[in-house]
Amino acid sequence: MSKALEGIRILDFTHVQSGPTCTQLLAWFGADVIKVERAGEGDATRAQLRDIPEVDSLYFTMLNHNKRSMTLDTKQPAGKAVLETLIRDCDVLVENFAPGALDRMGFSWERISQLNPRMIVASVKGFGPGPYEDCKVYENVAQCAGGAAATTGFDDGPPVVTGAQIGDSGSGLHLALGIVTALFQRTATGRGQRVQIAMQDAVLNLCRVKLRDQQRLARNGVMEEYPQFATGQFGDSVPRAGNASGGGQPGWILKCKGWESDPNAYIYFIAQAAVWPAICRVIGREGWITDPAYATPRARLPHLMQIFATVEEWTKTLTKFEVMDILNRDDIPCGPILSMKELAEEPSLRATGTIVEVDHPERGPYLTVGNPIKLSDSPTVVRRSPLLGEHTEEVLGQLGYGDEEIAALRAGRVI
Ligand code: COA
C-alpha cells in the first residue's frame with residue numbers, strides 16, 4: 001500500500017524532542033527522513049537518560065523511528081558542500097537549533113531558497129520575534145512562558161508543569177501541520193516557504209480556553225465553574241483551578257478504593273447536567289433530583305465541592321474500574337486515572353498500534369507510542385530508530401557520491 005507522504009524527502013536537522021517528534025510523524029506518513037547528525041556524537045539525546053550503558057537511550061529511540069541517520073560536520077567546507085547537495089535534493093528542511101545557529105552555519109533562508117526554491121524550511125524556536133527571541137528554550141520554559149504553568153495546580157500552591165510535553169511534542173505537532181500545509185500550497189505555487197513555530201505560541205494555543213477565561217474574568221469578576229466561585233476569591237488573572245473541568249460541565253478527581261496506598265486509585269467524575277438524575281440515583285441521593293438547592297446546574301454551582309465529596313464517599317467503596325463500569329451504564333462521563341504501567345499493559349492500545357513493541361539491535365525489545373494519527377490508506381509500520389550514521393554511505397551514494405569521495409570525507413572526519 002502507498003504512503004501519504006511517499007516521495008517527500010526531509011532533511012532532518014532536528015535534535016532533542018520538539019523537532020524529532022515532528023519528523024517522526026512525517027516518517028510515519030511515509031516521508032524519507034534523513035536525520036543529519038553531528039559526526040562523532042550525534043543527537044545529544046542518544047546519550048541522555050540512558051538505561052543501558054553505551055546503547056541509544058529510550059529518549060532517542062522513542063523519538064526517531066522510521067528515519068535514516070547520516071553523520072556530517074556541517075562546519076567544515078566539505079560538509080557544507082554535502083549539505084548543499086542535500087538541500088538541492090530534499091523537499092523540506094526541519095531544524096530546531098538555537099536561534100541563529102543555521103545562519104551561523106552559513107545557511108540562511110535566503111541562501112537555502114536560492115539553492116532550492118521549492119524547499120520548505122521549517123523551524124522550532126522557543127519564542128517568536130520579541131524580547132526573548134534569542135533565548136534557548138526547553139519544554140518547561142515553554143510551559144511556563146505559554147500560560148500552562150500559571151493555570152495548572154491548586155490555588156494554594158505554586159505553578160505546576162504538566163507531564164504532557166505540550167511545549168516540545170506540542171510544537172512538533174504544530175510544525176508537522178505547517179509542513180504538510182506548505183507542501184500542499186507548493187503543489188499550486190511551485191514555491192517553498194518558511195514554516196515557523198514558537199514553543200510559547202504552541203503552548204498558548206493549547207491554553208486557548210484560559211485566555212477565554214481571562215476575558216470572562218475581566219468582564220464579570222468571577223467564573224462560576226471555578227472552585228474559587230464558592231468563596232468568591234478571584235484576583236485579576238485566571239487562577240489555578242485544581243482539577244476543575246475547563247468546560248461547561250463541572251468535574252473533579254475523586255478517590256476510589258485503595259487510594260491510601262495506590263497513587264492512581266482515582267477517577268475523573270463529571271457532573272454532566274443531562275444525567276443528573278442518574279447520578280443522584282447511583283449515589284443514593286434521589287432527594288437531590290428535585291431539591292431546589294441541587295436540581296439545576298446553576299443551583300448546584302455553590303455546592304460543587306460538597307457534591308463531589310458526597311460522590312467520593314461512594315467512589316471510595318469501589319475500584320476505579322468498577323466505578324467506570326457502573327457510571328457508564330447510565331452514560332455518566334468519567335475516566336479512570338490510568339498509570340503508565342496500566343497503559344503499557346493495556347491490550348486495546350496494543351491492538352490499535354498506539355503502543356507498539358519494537359526490536360532494536362543493541363537494546364532488544366522496548367515499548368513505544370506508535371502513531372496516534374490513523375490514516376486508512378496510509379497505515380503506519382513503526383521501524384526502530386537508526387544507529388548513529390547507519391545510513392551515511394547509503395545516503396551519500398544516492399546523492400551521487402562515489403566510493404572514493406566517501407572515503408575522503410571519512411578520512412577528513414566530515415562524516
Ligand atoms: N555539524 C556541525 N555543527 C553542528 C551540527 C553538525 N551536524 N549540528 C549542530 N551543530 C552546531 C550548531 O551549528 C550550533 O553551533 P553554534 O552554536 O556555533 O551556532 C551547535 O551545534 C549547538 O546547537 P544548539 O541548537 O545551540 O544546541 P544546544 O545544545 O546549545 O541547545 C536547545 C539546545 C534545544 C536549547 C536549542 O537548540 C534551542 O533552543 N532550540 C530551539 C528550541 C527547541 O527546540 N527547544 C526544545 C528542545 S526539545
# chains A, B, ... in the order shown; residues from 1 in each chain; ligands from 1
$ residues_near_ligand --ligand "ligand 1" --cutoff "6 Å" --atoms "only C-alpha atoms and all ligand atoms" --output "JSON, numbers by chain"
{"A": [16, 17, 18, 37, 38, 72, 73, 74, 75, 96, 97, 98, 101, 104, 105, 124, 125, 126, 136, 137, 138, 139, 168]}
$ write_last_selection --atoms "N, CA and C atoms" --output "compact mmCIF listing (two decimals), in the first residue's frame"
# COMPACT_ATOMS: atom_id res chain seq x y z
N VAL A 16 16.96 16.70 20.16
CA VAL A 16 16.20 16.69 21.43
C VAL A 16 14.77 16.21 21.14
N GLN A 17 13.73 16.99 21.48
CA GLN A 17 12.38 16.43 21.36
C GLN A 17 11.45 17.13 20.38
N SER A 18 11.44 18.47 20.39
CA SER A 18 10.38 19.16 19.63
C SER A 18 10.46 18.85 18.14
N GLU A 37 23.25 14.26 11.60
CA GLU A 37 23.73 14.45 12.96
C GLU A 37 25.21 14.82 12.95
N ARG A 38 25.59 15.45 14.05
CA ARG A 38 26.98 15.84 14.19
C ARG A 38 27.87 14.61 14.19
N LEU A 72 27.43 14.20 9.62
CA LEU A 72 28.01 15.22 8.75
C LEU A 72 28.47 16.39 9.60
N ASP A 73 29.70 16.79 9.41
CA ASP A 73 30.19 18.00 10.10
C ASP A 73 29.94 19.19 9.18
N THR A 74 28.89 19.92 9.48
CA THR A 74 28.48 21.00 8.58
C THR A 74 29.30 22.27 8.80
N LYS A 75 30.28 22.20 9.69
CA LYS A 75 31.13 23.39 9.86
C LYS A 75 32.38 23.30 9.00
N ASN A 96 15.59 22.60 14.67
CA ASN A 96 15.26 23.29 15.93
C ASN A 96 16.54 23.61 16.69
N PHE A 97 17.48 24.19 15.97
CA PHE A 97 18.70 24.69 16.61
C PHE A 97 18.36 25.93 17.43
N ALA A 98 19.30 26.32 18.26
CA ALA A 98 19.15 27.59 18.98
C ALA A 98 19.05 28.72 17.95
N ALA A 101 21.58 29.65 14.79
CA ALA A 101 22.60 28.61 14.52
C ALA A 101 22.68 28.27 13.03
N ARG A 104 24.47 31.00 11.29
CA ARG A 104 25.91 30.95 11.59
C ARG A 104 26.58 29.83 10.80
N MET A 105 25.84 28.77 10.52
CA MET A 105 26.37 27.66 9.73
C MET A 105 26.53 28.09 8.26
N VAL A 124 11.56 25.26 14.69
CA VAL A 124 11.01 25.49 16.03
C VAL A 124 12.00 26.36 16.78
N LYS A 125 11.50 27.41 17.39
CA LYS A 125 12.30 28.22 18.32
C LYS A 125 11.49 28.37 19.60
N GLY A 126 12.14 28.81 20.65
CA GLY A 126 11.42 28.96 21.91
C GLY A 126 10.38 30.07 21.84
N LYS A 136 17.46 30.34 24.39
CA LYS A 136 17.31 28.89 24.23
C LYS A 136 16.16 28.44 25.12
N VAL A 137 15.42 27.48 24.66
CA VAL A 137 14.22 27.08 25.42
C VAL A 137 14.08 25.57 25.45
N TYR A 138 13.75 25.06 26.63
CA TYR A 138 13.36 23.66 26.79
C TYR A 138 11.89 23.59 27.23
N GLU A 139 11.38 22.36 27.20
CA GLU A 139 9.97 22.09 27.48
C GLU A 139 9.34 22.96 28.57
N ASP A 168 7.28 20.71 23.79
CA ASP A 168 8.09 20.02 22.78
C ASP A 168 7.23 19.26 21.78
$ residues_around --residues "region 253-270 of chain A" --least-positions-apart "4" --cutoff "7 Å" --atoms "only C-alpha atoms" --output "PyMOL selection string"
chain A and resi 243+249+312+315-320+333-339
$ select_by_dssp --residues "region 160-262 of chain A" --states "strand (DSSP E or B)" --output "ChimeraX atom specification"
/A:194-198,251-255
$ atom_distance --atom1 "CA of Val209 (chain A)" --atom2 "CA of His174 (chain A)"
17.7 Å
$ closest_residue --among "A:Arg9, A:Lys3, A:Lys67, A:Lys80" --to "Ser385 (chain A)" --atoms "only C-alpha atoms"
A:Lys67
$ residues_around --residues "Leu93 (chain A)" --least-positions-apart "3" --cutoff "8 Å" --atoms "only C-alpha atoms" --output "ChimeraX atom specification"
/A:10-13,87,90,119-122
$ write_last_selection --atoms "N, CA and C atoms" --output "compact mmCIF listing (two decimals), in the first residue's frame"
# COMPACT_ATOMS: atom_id res chain seq x y z
N ILE A 10 12.91 14.51 3.49
CA ILE A 10 13.08 15.50 4.56
C ILE A 10 14.53 15.52 5.02
N LEU A 11 15.12 16.70 5.01
CA LEU A 11 16.45 16.89 5.59
C LEU A 11 16.20 17.23 7.07
N ASP A 12 16.44 16.26 7.91
CA ASP A 12 16.04 16.37 9.32
C ASP A 12 17.23 16.83 10.16
N PHE A 13 17.23 18.11 10.46
CA PHE A 13 18.31 18.71 11.23
C PHE A 13 17.86 18.89 12.68
N ILE A 87 20.34 19.84 0.30
CA ILE A 87 19.30 20.87 0.18
C ILE A 87 18.70 20.86 -1.22
N CYS A 90 16.32 17.65 -1.35
CA CYS A 90 15.20 17.41 -0.43
C CYS A 90 14.05 18.40 -0.64
N MET A 119 12.23 24.45 -1.69
CA MET A 119 12.49 23.95 -0.34
C MET A 119 11.60 24.63 0.70
N ILE A 120 11.00 23.81 1.56
CA ILE A 120 10.25 24.33 2.71
C ILE A 120 11.19 24.26 3.92
N VAL A 121 11.37 25.37 4.59
CA VAL A 121 12.28 25.41 5.74
C VAL A 121 11.46 25.59 7.00
N ALA A 122 11.44 24.56 7.82
CA ALA A 122 10.56 24.55 8.99
C ALA A 122 11.38 24.60 10.27
$ residues_around --residues "Gly370 (chain A)" --least-positions-apart "5" --cutoff "8 Å" --atoms "only C-alpha atoms" --output "list in words"
Gly353, Thr354, Ile355, Val356 and Val382 of chain A
$ write_last_selection --atoms "C-alpha atoms" --output "compact mmCIF listing (two decimals), in the first residue's frame"
# COMPACT_ATOMS: atom_id res chain seq x y z
CA GLY A 353 -0.81 0.19 17.38
CA THR A 354 -0.90 3.11 19.79
CA ILE A 355 1.52 1.19 21.99
CA VAL A 356 4.00 -0.87 20.00
CA VAL A 382 6.87 1.53 13.27
$ closest_residue --among "A:Gln76, A:Asn371, A:Gln228, A:Gln272" --to "Met305 (chain A)" --atoms "only C-alpha atoms"
A:Gln228
$ closest_residue --among "A:Val238, A:Cys22, A:Leu367, A:Ile166" --to "Leu206 (chain A)" --atoms "only C-alpha atoms"
A:Ile166
$ select_by_dssp --residues "region 155-305 of chain A" --states "helix (DSSP H, G or I)" --output "PyMOL selection string"
chain A and resi 168-189+199-206+208-220+227-230+273-282+286-289+297-305
$ residues_around --residues "region 68-70 of chain A" --least-positions-apart "6" --cutoff "6 Å" --atoms "only C-alpha atoms" --output "list in words"
Ile34, Lys35, Val36, Pro386, Leu388, Gly389, Glu390, His391 and Thr392 of chain A
$ write_last_selection --atoms "N, CA, C and O atoms" --output "short mmCIF file (atom, residue, chain, number, x, y, z; two decimals), in the first residue's frame"
data_model
loop_
_atom_site.label_atom_id
_atom_site.label_comp_id
_atom_site.auth_asym_id
_atom_site.auth_seq_id
_atom_site.Cartn_x
_atom_site.Cartn_y
_atom_site.Cartn_z
N ILE A 34 15.85 11.94 6.48
CA ILE A 34 17.30 11.74 6.66
C ILE A 34 17.75 12.61 7.82
O ILE A 34 17.78 13.84 7.72
N LYS A 35 18.06 11.97 8.92
CA LYS A 35 18.49 12.73 10.11
C LYS A 35 19.98 13.01 9.98
O LYS A 35 20.80 12.09 9.91
N VAL A 36 20.31 14.29 9.92
CA VAL A 36 21.71 14.69 9.77
C VAL A 36 22.25 15.04 11.16
O VAL A 36 21.76 15.97 11.80
N PRO A 386 17.40 4.73 13.85
CA PRO A 386 18.69 4.35 13.26
C PRO A 386 19.83 4.50 14.26
O PRO A 386 19.79 5.35 15.14
N LEU A 388 23.67 5.73 15.03
CA LEU A 388 24.33 6.96 14.56
C LEU A 388 25.12 6.68 13.27
O LEU A 388 26.00 5.82 13.25
N GLY A 389 24.75 7.39 12.22
CA GLY A 389 25.48 7.26 10.96
C GLY A 389 25.22 5.96 10.21
O GLY A 389 25.94 5.64 9.26
N GLU A 390 24.18 5.25 10.60
CA GLU A 390 23.91 3.94 9.98
C GLU A 390 23.73 4.05 8.46
O GLU A 390 24.05 3.11 7.72
N HIS A 391 23.22 5.17 7.99
CA HIS A 391 22.90 5.29 6.57
C HIS A 391 23.76 6.32 5.84
O HIS A 391 23.40 6.77 4.75
N THR A 392 24.88 6.70 6.44
CA THR A 392 25.70 7.76 5.83
C THR A 392 26.10 7.39 4.39
O THR A 392 25.87 8.16 3.45
#
$ residues_around --residues "Ile179 (chain A)" --least-positions-apart "2" --cutoff "10 Å" --atoms "only C-alpha atoms" --output "ChimeraX atom specification"
/A:22-23,26,92-94,120-123,173-177,181-185,193-196
$ atom_distance --atom1 "CA of Phe29 (chain A)" --atom2 "CA of Ala188 (chain A)"
21.4 Å
